[in-house]
>>> print(open('coords-v5.cif').read())   # mmCIF, C-alpha atoms
data_query
#
loop_
_atom_site.label_atom_id
_atom_site.label_comp_id
_atom_site.auth_asym_id
_atom_site.auth_seq_id
_atom_site.Cartn_x
_atom_site.Cartn_y
_atom_site.Cartn_z
CA MET A 1 64.33 -1.83 -76.01
CA SER A 2 63.12 -5.41 -75.81
CA GLY A 3 62.26 -5.14 -72.08
CA SER A 4 60.11 -2.03 -72.27
CA LYS A 5 56.44 -1.66 -73.09
CA SER A 6 55.27 1.09 -75.37
CA SER A 7 51.75 2.41 -75.32
CA SER A 8 50.05 2.90 -78.56
CA PRO A 9 48.73 6.38 -79.35
CA GLY A 10 45.15 5.15 -79.42
CA ALA A 11 45.19 3.28 -76.15
CA ALA A 12 42.64 4.51 -73.54
CA VAL A 13 44.00 5.82 -70.26
CA GLU A 14 42.11 4.53 -67.25
CA PRO A 15 41.14 7.31 -64.86
CA THR A 16 42.81 7.28 -61.46
CA ALA A 17 40.87 7.67 -58.19
CA SER A 18 40.83 11.22 -56.92
CA SER A 19 41.02 11.95 -53.21
CA ASP A 20 38.61 14.82 -53.81
CA GLU A 21 35.72 12.59 -54.84
CA PRO A 22 32.83 12.52 -52.30
CA LEU A 23 32.35 9.35 -50.25
CA THR A 24 29.27 7.34 -50.96
CA MET A 25 27.21 5.68 -48.17
CA THR A 26 25.44 2.39 -48.48
CA VAL A 27 22.47 1.59 -46.22
CA HIS A 28 22.43 -1.98 -45.08
CA SER A 29 19.53 -3.74 -43.40
CA LEU A 30 19.89 -4.60 -39.71
CA PRO A 31 21.20 -8.06 -39.03
CA ARG A 32 18.58 -10.65 -38.31
CA LEU A 33 18.36 -12.05 -34.80
CA GLY A 34 19.96 -15.40 -34.46
CA PRO A 35 18.11 -18.33 -32.85
CA GLN A 36 19.60 -17.64 -29.41
CA ALA A 37 18.82 -13.90 -29.49
CA ALA A 38 15.25 -14.60 -30.61
CA HIS A 39 14.88 -17.16 -27.83
CA ASP A 40 16.14 -14.65 -25.24
CA ALA A 41 13.72 -11.97 -26.46
CA GLU A 42 10.81 -14.40 -26.26
CA ALA A 43 11.87 -15.49 -22.76
CA THR A 44 11.94 -11.84 -21.63
CA ARG A 45 8.40 -11.30 -22.93
CA ARG A 46 7.17 -14.44 -21.20
CA GLY A 47 8.83 -13.34 -17.96
CA ARG A 48 7.06 -9.97 -18.04
CA TRP A 49 3.67 -11.60 -18.63
CA LYS A 50 4.30 -14.04 -15.77
CA MET A 51 5.21 -11.16 -13.42
CA LEU A 52 2.03 -9.26 -14.36
CA LEU A 53 -0.06 -12.39 -13.84
CA LEU A 54 1.57 -12.97 -10.43
CA LEU A 55 0.78 -9.40 -9.36
CA LEU A 56 -2.85 -9.82 -10.42
CA ILE A 57 -3.12 -13.12 -8.53
CA CYS A 58 -1.67 -11.53 -5.37
CA ALA A 59 -4.02 -8.55 -5.56
CA SER A 60 -7.16 -10.43 -6.59
CA PRO A 61 -8.22 -11.56 -3.07
CA VAL A 62 -8.13 -8.00 -1.76
CA LEU A 63 -9.94 -6.74 -4.85
CA ALA A 64 -12.58 -9.44 -4.42
CA SER A 65 -13.21 -8.48 -0.80
CA TYR A 66 -13.53 -4.83 -1.84
CA VAL A 67 -16.11 -5.79 -4.48
CA THR A 68 -18.02 -7.81 -1.89
CA PHE A 69 -17.97 -4.94 0.59
CA TYR A 70 -18.51 -2.03 -1.81
CA VAL A 71 -20.76 -3.50 -4.49
CA ILE A 72 -22.60 -6.62 -3.35
CA ARG A 73 -23.44 -5.41 0.17
CA PRO A 74 -25.55 -8.41 1.21
CA GLU A 75 -27.07 -6.50 4.09
CA GLY A 76 -28.52 -3.96 1.68
CA ARG A 77 -27.28 -1.02 3.75
CA ALA A 78 -24.62 1.57 3.12
CA ASN A 79 -21.46 1.49 5.17
CA TYR A 80 -21.17 3.77 8.20
CA GLY A 81 -17.54 4.80 7.71
CA GLU A 82 -16.57 7.02 4.80
CA LEU A 83 -14.83 5.08 2.02
CA ILE A 84 -11.61 6.62 0.77
CA GLU A 85 -11.52 6.43 -3.02
CA PRO A 86 -8.98 5.67 -4.19
CA PRO A 87 -7.39 4.15 -1.08
CA ARG A 88 -4.13 5.81 -0.06
CA VAL A 89 -0.92 3.79 0.11
CA MET A 90 1.01 3.74 3.39
CA PRO A 91 4.11 5.99 3.22
CA ALA A 92 7.63 4.62 3.54
CA VAL A 93 8.44 6.42 6.79
CA SER A 94 10.03 5.25 10.03
CA ALA A 95 8.43 5.20 13.46
CA THR A 96 9.69 4.40 16.96
CA ASN A 97 8.20 1.73 19.20
CA VAL A 98 7.81 1.87 22.98
CA HIS A 99 11.28 0.36 23.40
CA GLY A 100 12.91 3.17 21.41
CA GLN A 101 13.59 0.98 18.39
CA THR A 102 13.17 2.28 14.85
CA VAL A 103 10.37 0.49 12.99
CA PRO A 104 9.39 1.05 9.34
CA LEU A 105 5.69 1.90 9.19
CA VAL A 106 5.22 -0.64 6.39
CA THR A 107 5.74 -3.46 8.92
CA LEU A 108 2.08 -2.86 9.84
CA LYS A 109 1.04 -4.37 6.50
CA ASP A 110 -0.55 -7.83 6.11
CA GLN A 111 -3.16 -7.16 8.79
CA TRP A 112 -6.36 -5.12 9.02
CA LEU A 113 -5.75 -2.05 11.20
CA LEU A 114 -8.09 0.02 13.37
CA LEU A 115 -5.94 3.09 13.81
CA SER A 116 -5.97 6.30 15.84
CA VAL A 117 -3.63 9.29 15.88
CA ALA A 118 -3.09 11.46 18.95
CA ASP A 119 -0.50 13.40 20.91
CA SER A 120 1.46 11.34 23.43
CA ALA A 121 -0.14 13.32 26.27
CA CYS A 122 -3.48 11.72 25.22
CA ASP A 123 -6.45 13.99 25.90
CA ALA A 124 -10.03 12.85 26.60
CA ARG A 125 -10.78 12.06 22.95
CA CYS A 126 -7.56 10.06 22.67
CA GLU A 127 -8.50 8.05 25.75
CA ARG A 128 -11.97 7.37 24.31
CA HIS A 129 -10.48 6.19 21.01
CA LEU A 130 -8.04 3.85 22.73
CA TYR A 131 -10.87 2.41 24.82
CA LEU A 132 -13.12 1.95 21.76
CA GLN A 133 -10.32 0.35 19.76
CA ARG A 134 -9.72 -2.21 22.49
CA GLN A 135 -13.42 -2.94 23.09
CA ILE A 136 -14.34 -3.19 19.41
CA ARG A 137 -11.44 -5.52 18.70
CA GLU A 138 -12.36 -7.77 21.62
CA SER A 139 -16.00 -7.85 20.49
CA LEU A 140 -14.98 -9.42 17.16
CA GLY A 141 -14.47 -12.77 18.88
CA LYS A 142 -12.57 -15.28 16.74
CA ASP A 143 -11.85 -12.59 14.14
CA LYS A 144 -10.07 -10.26 16.56
CA ASP A 145 -6.65 -11.68 15.64
CA ARG A 146 -7.17 -10.46 12.09
CA LEU A 147 -7.34 -6.85 13.29
CA ASP A 148 -4.58 -4.85 15.00
CA TRP A 149 -5.32 -1.97 17.35
CA VAL A 150 -2.83 0.77 16.42
CA TRP A 151 -2.02 4.08 18.09
CA LEU A 152 0.22 6.42 16.11
CA ARG A 153 1.30 8.91 18.73
CA THR A 154 2.78 12.30 17.92
CA GLY A 155 4.41 15.13 19.86
CA SER A 156 6.58 14.12 22.80
CA THR A 157 8.56 10.92 22.51
CA GLU A 158 7.86 10.17 26.19
CA LEU A 159 4.99 7.86 27.11
CA SER A 160 3.62 7.69 30.64
CA ASP A 161 3.71 4.40 32.55
CA ILE A 162 -0.10 4.47 32.84
CA LEU A 163 -0.58 4.74 29.07
CA ARG A 164 2.16 2.20 28.43
CA GLU A 165 0.31 -0.31 30.60
CA ALA A 166 -3.14 0.57 29.20
CA THR A 167 -1.99 0.01 25.61
CA ARG A 168 -0.02 -3.18 26.22
CA ALA A 169 -2.22 -5.06 23.72
CA ALA A 170 -1.90 -2.31 21.10
CA VAL A 171 0.72 -1.49 18.50
CA VAL A 172 2.02 1.88 19.71
CA LEU A 173 4.39 3.79 17.44
CA HIS A 174 5.72 7.32 17.67
CA VAL A 175 5.69 9.24 14.37
CA GLU A 176 6.01 12.80 13.18
CA GLU A 177 2.56 14.07 12.28
CA ALA A 178 3.94 15.70 9.13
CA ASP A 179 5.11 12.26 7.92
CA ILE A 180 1.59 10.84 7.90
CA ALA A 181 -0.37 14.00 7.06
CA GLY A 182 -0.12 13.16 3.35
CA TRP A 183 -1.52 9.68 3.99
CA LEU A 184 -4.31 10.05 6.56
CA ALA A 185 -6.58 13.08 6.50
CA PRO A 186 -9.46 14.35 8.66
CA GLU A 187 -12.79 15.68 7.50
CA PRO A 188 -12.73 19.40 6.59
CA GLY A 189 -12.60 21.45 9.78
CA GLN A 190 -11.52 18.50 11.94
CA ARG A 191 -8.17 17.32 13.34
CA LEU A 192 -6.30 14.17 12.46
CA ALA A 193 -6.88 13.04 16.06
CA ASP A 194 -10.67 13.37 15.75
CA HIS A 195 -11.21 10.15 13.79
CA LEU A 196 -10.62 6.43 13.77
CA TYR A 197 -9.21 5.01 10.53
CA VAL A 198 -9.23 1.60 8.84
CA VAL A 199 -6.24 0.34 6.84
CA ASP A 200 -6.39 -2.82 4.71
CA PRO A 201 -3.74 -5.61 4.73
CA MET A 202 -2.01 -4.06 1.71
CA GLY A 203 -1.29 -0.96 3.80
CA ARG A 204 -3.89 1.25 2.15
CA TRP A 205 -6.04 3.64 4.14
CA MET A 206 -9.56 2.88 2.92
CA MET A 207 -12.08 4.11 5.54
CA ARG A 208 -12.56 6.94 8.03
CA PHE A 209 -15.17 6.97 10.79
CA PRO A 210 -16.93 10.22 11.76
CA VAL A 211 -16.17 12.27 14.83
CA ASP A 212 -17.75 10.77 17.98
CA ALA A 213 -18.58 7.64 16.01
CA ASP A 214 -21.11 5.05 17.20
CA PRO A 215 -19.11 1.99 18.39
CA SER A 216 -21.80 -0.48 17.34
CA ARG A 217 -21.78 0.83 13.79
CA ILE A 218 -17.98 0.79 13.67
CA ARG A 219 -18.12 -2.86 14.72
CA ARG A 220 -20.71 -3.64 12.04
CA ASP A 221 -18.52 -2.19 9.29
CA LEU A 222 -15.46 -4.04 10.55
CA SER A 223 -17.37 -7.32 10.81
CA ARG A 224 -18.50 -6.95 7.21
CA LEU A 225 -14.97 -6.20 6.05
CA LEU A 226 -13.58 -9.22 7.86
CA ARG A 227 -16.36 -11.45 6.59
CA ALA A 228 -15.84 -10.28 3.00
CA SER A 229 -12.12 -11.04 3.20
CA SER A 230 -12.35 -14.26 5.22
CA PHE A 231 -11.65 -16.54 2.23
CA TRP A 232 -8.10 -15.19 1.81
CA ASP A 233 -7.15 -13.30 4.98
CA GLN A 234 -5.76 -15.29 7.90
CA PRO A 235 -4.94 -14.20 11.49
CA GLY A 236 -1.46 -12.76 11.94
CA ARG A 237 1.08 -11.59 9.39
#
>>> encode(input="coords-v5.cif", output="C-alpha cells")
Amino acid sequence: MSGSKSSSPGAAVEPTASSDEPLTMTVHSLPRLGPQAAHDAEATRRGRWKMLLLLLICASPVLASYVTFYVIRPEGRANYGELIEPPRVMPAVSATNVHGQTVPLVTLKDQWLLLSVADSACDARCERHLYLQRQIRESLGKDKDRLDWVWLRTGSTELSDILREATRAAVVLHVEEADIAGWLAPEPGQRLADHLYVVDPMGRWMMRFPVDADPSRIRRDLSRLLRASSFWDQPGR
C-alpha cells in the first residue's frame, strides 16, 4: 500500500533500551562558591580571628602582672605564699549572703580577693583569720579598695549577731564546703579552714598562705601583687 513503509531485508535494527541494564553513575565536581558565599566564608574567618584577638587583649594585663610577679621579681626574693600552678578557675556555684539572697560565686570576680573558709560557728583560728584579713586590707592604704576581704562560711546557715557586726566590711557568703572543695584545697594533712587564699580578678585561685602565716609577709606578697597589676587593675568592679 502507498501509505505503508516497508523495511528492507538488509536494514539494521537499532537495539532498544533494556530495563535490566545496570545504571551508570557520573561523578561531578562540587559547585564552586559564588561571590556571596566566598565573602561570607571570609567574613566568618575574620570574625573568629577578631574574637581570638579580643580574648588575648582582655587577658594580657593579667598575664603581664603574673609575669611581673612570678618572673621579674624586682625585690629578688621568692614569694611567701605558695603559688598554685596552674591557677584554678572559680566554680559556677551559688552562695547565700547575710540577707538570705542567692548570689552566684562568680560575682566575686573583677577584684583581688583575700579569702578564708570556716564553719559559721567560727572557732579561734577562724576569728584570727577574720582579724588578719581586716588588718592586712586596711594596711594597704590607697590600694585597699582593690582587695576584697571574703569569708566563705560553711555548716550552719545561721550567723550570730556578733559575727555579723564584726564582718560588716567583709563579703560574707554561705556555701556548701563540697561545692568549693574542688576549687580550693589545703596543704596535705591540713583543713580547708587552716589557710588564707588569694584569688585574682579573673576568679582564679592562685596563692595559698601557710598555716599560722606571718601577717607582715602576707602583706608583702599582696603589695607586690597589687603593684604588679596597678597599670590595669582599678578599685572596684
>>> residues_around(input="coords-v5.cif", residues="segment 175-179 of chain A", least_positions_apart="5", cutoff="7 Å", atoms="all atoms listed in the file", output="list in words")
Val93, Ala95, Thr96, Leu152, Arg153 and Thr154 of chain A
>>> closest_residue(input="coords-v5.cif", among="A:Phe209, A:Tyr197, A:Trp151, A:Tyr80", to="Cys126 of chain A", atoms="all atoms listed in the file")
A:Trp151
>>> atom_distance(input="coords-v5.cif", atom1="atom CA of Ile84 of chain A", atom2="atom CA of Gln111 of chain A")
18.0 Å
>>> atom_distance(input="coords-v5.cif", atom1="atom CA of Leu184 of chain A", atom2="atom CA of Gly100 of chain A")
23.8 Å
>>> atom_distance(input="coords-v5.cif", atom1="atom CA of Ala228 of chain A", atom2="atom CA of Ser139 of chain A")
17.7 Å
>>> closest_residue(input="coords-v5.cif", among="A:Ala193, A:Leu222, A:Ile162, A:Ala124", to="Lys144 of chain A", atoms="all atoms listed in the file")
A:Leu222
>>> axis_aligned_box(input="coords-v5.cif", around="segment 146-153 of chain A", padding_each_side="8 Å", output="JSON")
{"center_x": -3.0, "center_y": -0.8, "center_z": 15.4, "size_x": 24.6, "size_y": 35.4, "size_z": 22.6}
>>> resolve_selection(input="coords-v5.cif", expression="the PyMOL selection byres ((chain A and resi 212-219) around 9)", output="list of chain:residue names")
A:Asn79, A:Tyr80, A:Gly81, A:Arg125, A:Leu132, A:Gln135, A:Ile136, A:Arg137, A:Ser139, A:Leu140, A:Asp194, A:His195, A:Leu196, A:Phe209, A:Pro210, A:Val211, A:Arg220, A:Asp221, A:Leu222, A:Ser223, A:Arg224
>>> residues_around(input="coords-v5.cif", residues="Leu226 of chain A", least_positions_apart="5", cutoff="9 Å", atoms="all atoms listed in the file", output="VMD selection string")
chain A and resid 65 112 143 146 to 147 221 233
>>> resolve_selection(input="coords-v5.cif", expression="the PyMOL selection byres ((chain A and resi 199) around 9)", output="short mmCIF file (atom, residue, chain, number, x, y, z; two decimals) with C-alpha atoms, in the frame of the given file")
data_model
loop_
_atom_site.label_atom_id
_atom_site.label_comp_id
_atom_site.auth_asym_id
_atom_site.auth_seq_id
_atom_site.Cartn_x
_atom_site.Cartn_y
_atom_site.Cartn_z
CA PRO A 87 -7.39 4.15 -1.08
CA MET A 90 1.01 3.74 3.39
CA LYS A 109 1.04 -4.37 6.50
CA GLN A 111 -3.16 -7.16 8.79
CA TRP A 112 -6.36 -5.12 9.02
CA LEU A 113 -5.75 -2.05 11.20
CA LEU A 114 -8.09 0.02 13.37
CA LEU A 115 -5.94 3.09 13.81
CA TYR A 197 -9.21 5.01 10.53
CA VAL A 198 -9.23 1.60 8.84
CA ASP A 200 -6.39 -2.82 4.71
CA PRO A 201 -3.74 -5.61 4.73
CA MET A 202 -2.01 -4.06 1.71
CA GLY A 203 -1.29 -0.96 3.80
CA ARG A 204 -3.89 1.25 2.15
CA TRP A 205 -6.04 3.64 4.14
CA MET A 206 -9.56 2.88 2.92
CA MET A 207 -12.08 4.11 5.54
#
>>> residues_near_point(input="coords-v5.cif", point="(2.3, 13.2, 23.7)", cutoff="7 Å", atoms="only C-alpha atoms", output="PDB file with C-alpha atoms, keeping the file's coordinate frame")
ATOM      1  CA  ASP A 119      -0.500  13.400  20.910  1.00  0.00           C
ATOM      2  CA  SER A 120       1.460  11.340  23.430  1.00  0.00           C
ATOM      3  CA  ALA A 121      -0.140  13.320  26.270  1.00  0.00           C
ATOM      4  CA  CYS A 122      -3.480  11.720  25.220  1.00  0.00           C
ATOM      5  CA  ARG A 153       1.300   8.910  18.730  1.00  0.00           C
ATOM      6  CA  THR A 154       2.780  12.300  17.920  1.00  0.00           C
ATOM      7  CA  GLY A 155       4.410  15.130  19.860  1.00  0.00           C
ATOM      8  CA  SER A 156       6.580  14.120  22.800  1.00  0.00           C
ATOM      9  CA  THR A 157       8.560  10.920  22.510  1.00  0.00           C
ATOM     10  CA  GLU A 158       7.860  10.170  26.190  1.00  0.00           C
ATOM     11  CA  LEU A 159       4.990   7.860  27.110  1.00  0.00           C
TER      12      LEU A 159
END
>>> decode(input="coords-v5.cif", residues="segment 111-201 of chain A", atoms="C-alpha atoms", output="mmCIF file, in the first residue's frame")
data_model
loop_
_atom_site.group_PDB
_atom_site.id
_atom_site.type_symbol
_atom_site.label_atom_id
_atom_site.label_comp_id
_atom_site.auth_asym_id
_atom_site.auth_seq_id
_atom_site.Cartn_x
_atom_site.Cartn_y
_atom_site.Cartn_z
ATOM 1 C CA GLN A 111 38.577 42.157 92.241
ATOM 2 C CA TRP A 112 41.548 40.693 94.104
ATOM 3 C CA LEU A 113 40.302 38.532 96.985
ATOM 4 C CA LEU A 114 41.874 37.635 100.336
ATOM 5 C CA LEU A 115 39.685 34.694 101.248
ATOM 6 C CA SER A 116 39.094 32.427 104.238
ATOM 7 C CA VAL A 117 36.845 29.400 104.702
ATOM 8 C CA ALA A 118 35.392 28.402 108.071
ATOM 9 C CA ASP A 119 32.325 26.999 109.793
ATOM 10 C CA SER A 120 29.697 29.583 110.712
ATOM 11 C CA ALA A 121 30.361 28.911 114.411
ATOM 12 C CA CYS A 122 33.865 30.399 113.830
ATOM 13 C CA ASP A 123 36.485 28.857 116.109
ATOM 14 C CA ALA A 124 39.682 30.560 117.324
ATOM 15 C CA ARG A 125 41.509 30.089 114.010
ATOM 16 C CA CYS A 126 38.529 31.496 112.119
ATOM 17 C CA GLU A 127 38.494 34.554 114.377
ATOM 18 C CA ARG A 128 42.236 35.064 113.822
ATOM 19 C CA HIS A 129 41.823 34.837 110.053
ATOM 20 C CA LEU A 130 38.977 37.349 110.023
ATOM 21 C CA TYR A 131 41.040 39.729 112.139
ATOM 22 C CA LEU A 132 44.113 39.337 109.900
ATOM 23 C CA GLN A 133 42.058 39.809 106.747
ATOM 24 C CA ARG A 134 40.666 43.087 108.051
ATOM 25 C CA GLN A 135 44.009 44.379 109.361
ATOM 26 C CA ILE A 136 46.002 43.421 106.274
ATOM 27 C CA ARG A 137 43.455 45.026 103.967
ATOM 28 C CA GLU A 138 43.451 48.244 105.983
ATOM 29 C CA SER A 139 47.262 48.320 105.982
ATOM 30 C CA LEU A 140 47.300 48.501 102.169
ATOM 31 C CA GLY A 141 46.298 52.154 102.312
ATOM 32 C CA LYS A 142 45.147 53.534 98.962
ATOM 33 C CA ASP A 143 45.240 50.042 97.442
ATOM 34 C CA LYS A 144 42.805 48.524 99.938
ATOM 35 C CA ASP A 145 39.830 49.150 97.636
ATOM 36 C CA ARG A 146 41.403 46.828 95.091
ATOM 37 C CA LEU A 147 41.189 43.908 97.526
ATOM 38 C CA ASP A 148 38.044 42.345 98.999
ATOM 39 C CA TRP A 149 38.026 40.573 102.343
ATOM 40 C CA VAL A 150 35.928 37.428 101.827
ATOM 41 C CA TRP A 151 34.654 34.842 104.289
ATOM 42 C CA LEU A 152 33.114 31.721 102.764
ATOM 43 C CA ARG A 153 31.286 30.210 105.703
ATOM 44 C CA THR A 154 30.115 26.611 105.807
ATOM 45 C CA GLY A 155 27.970 24.478 108.108
ATOM 46 C CA SER A 156 25.005 26.209 109.730
ATOM 47 C CA THR A 157 23.219 28.865 107.730
ATOM 48 C CA GLU A 158 22.766 30.932 110.918
ATOM 49 C CA LEU A 159 25.224 33.719 111.695
ATOM 50 C CA SER A 160 25.457 35.269 115.147
ATOM 51 C CA ASP A 161 24.799 38.984 115.600
ATOM 52 C CA ILE A 162 28.340 39.440 116.959
ATOM 53 C CA LEU A 163 29.942 37.921 113.852
ATOM 54 C CA ARG A 164 27.535 39.761 111.583
ATOM 55 C CA GLU A 165 28.636 43.058 113.102
ATOM 56 C CA ALA A 166 32.347 42.125 113.160
ATOM 57 C CA THR A 167 32.341 41.263 109.449
ATOM 58 C CA ARG A 168 30.285 44.220 108.256
ATOM 59 C CA ALA A 169 33.144 45.338 105.974
ATOM 60 C CA ALA A 170 33.632 41.830 104.574
ATOM 61 C CA VAL A 171 31.921 39.861 101.835
ATOM 62 C CA VAL A 172 30.312 37.010 103.772
ATOM 63 C CA LEU A 173 28.738 34.173 101.799
ATOM 64 C CA HIS A 174 27.394 30.826 102.926
ATOM 65 C CA VAL A 175 28.421 27.891 100.710
ATOM 66 C CA GLU A 176 28.470 24.128 100.880
ATOM 67 C CA GLU A 177 32.032 23.010 101.523
ATOM 68 C CA ALA A 178 31.669 20.240 98.945
ATOM 69 C CA ASP A 179 30.928 22.877 96.280
ATOM 70 C CA ILE A 180 34.294 24.584 96.735
ATOM 71 C CA ALA A 181 36.411 21.563 97.702
ATOM 72 C CA GLY A 182 37.299 21.022 94.042
ATOM 73 C CA TRP A 183 38.440 24.636 93.723
ATOM 74 C CA LEU A 184 40.327 25.496 96.920
ATOM 75 C CA ALA A 185 42.493 22.911 98.625
ATOM 76 C CA PRO A 186 44.587 22.802 101.826
ATOM 77 C CA GLU A 187 48.106 21.526 102.226
ATOM 78 C CA PRO A 188 48.322 17.745 102.771
ATOM 79 C CA GLY A 189 47.226 16.939 106.308
ATOM 80 C CA GLN A 190 45.543 20.324 106.832
ATOM 81 C CA ARG A 191 41.934 21.540 106.699
ATOM 82 C CA LEU A 192 40.422 23.957 104.230
ATOM 83 C CA ALA A 193 39.881 26.335 107.167
ATOM 84 C CA ASP A 194 43.590 26.338 108.088
ATOM 85 C CA HIS A 195 44.707 28.706 105.314
ATOM 86 C CA LEU A 196 44.155 32.092 103.766
ATOM 87 C CA TYR A 197 43.792 32.120 99.972
ATOM 88 C CA VAL A 198 44.328 34.697 97.225
ATOM 89 C CA VAL A 199 42.089 34.842 94.145
ATOM 90 C CA ASP A 200 42.880 37.045 91.140
ATOM 91 C CA PRO A 201 40.364 39.351 89.377
#
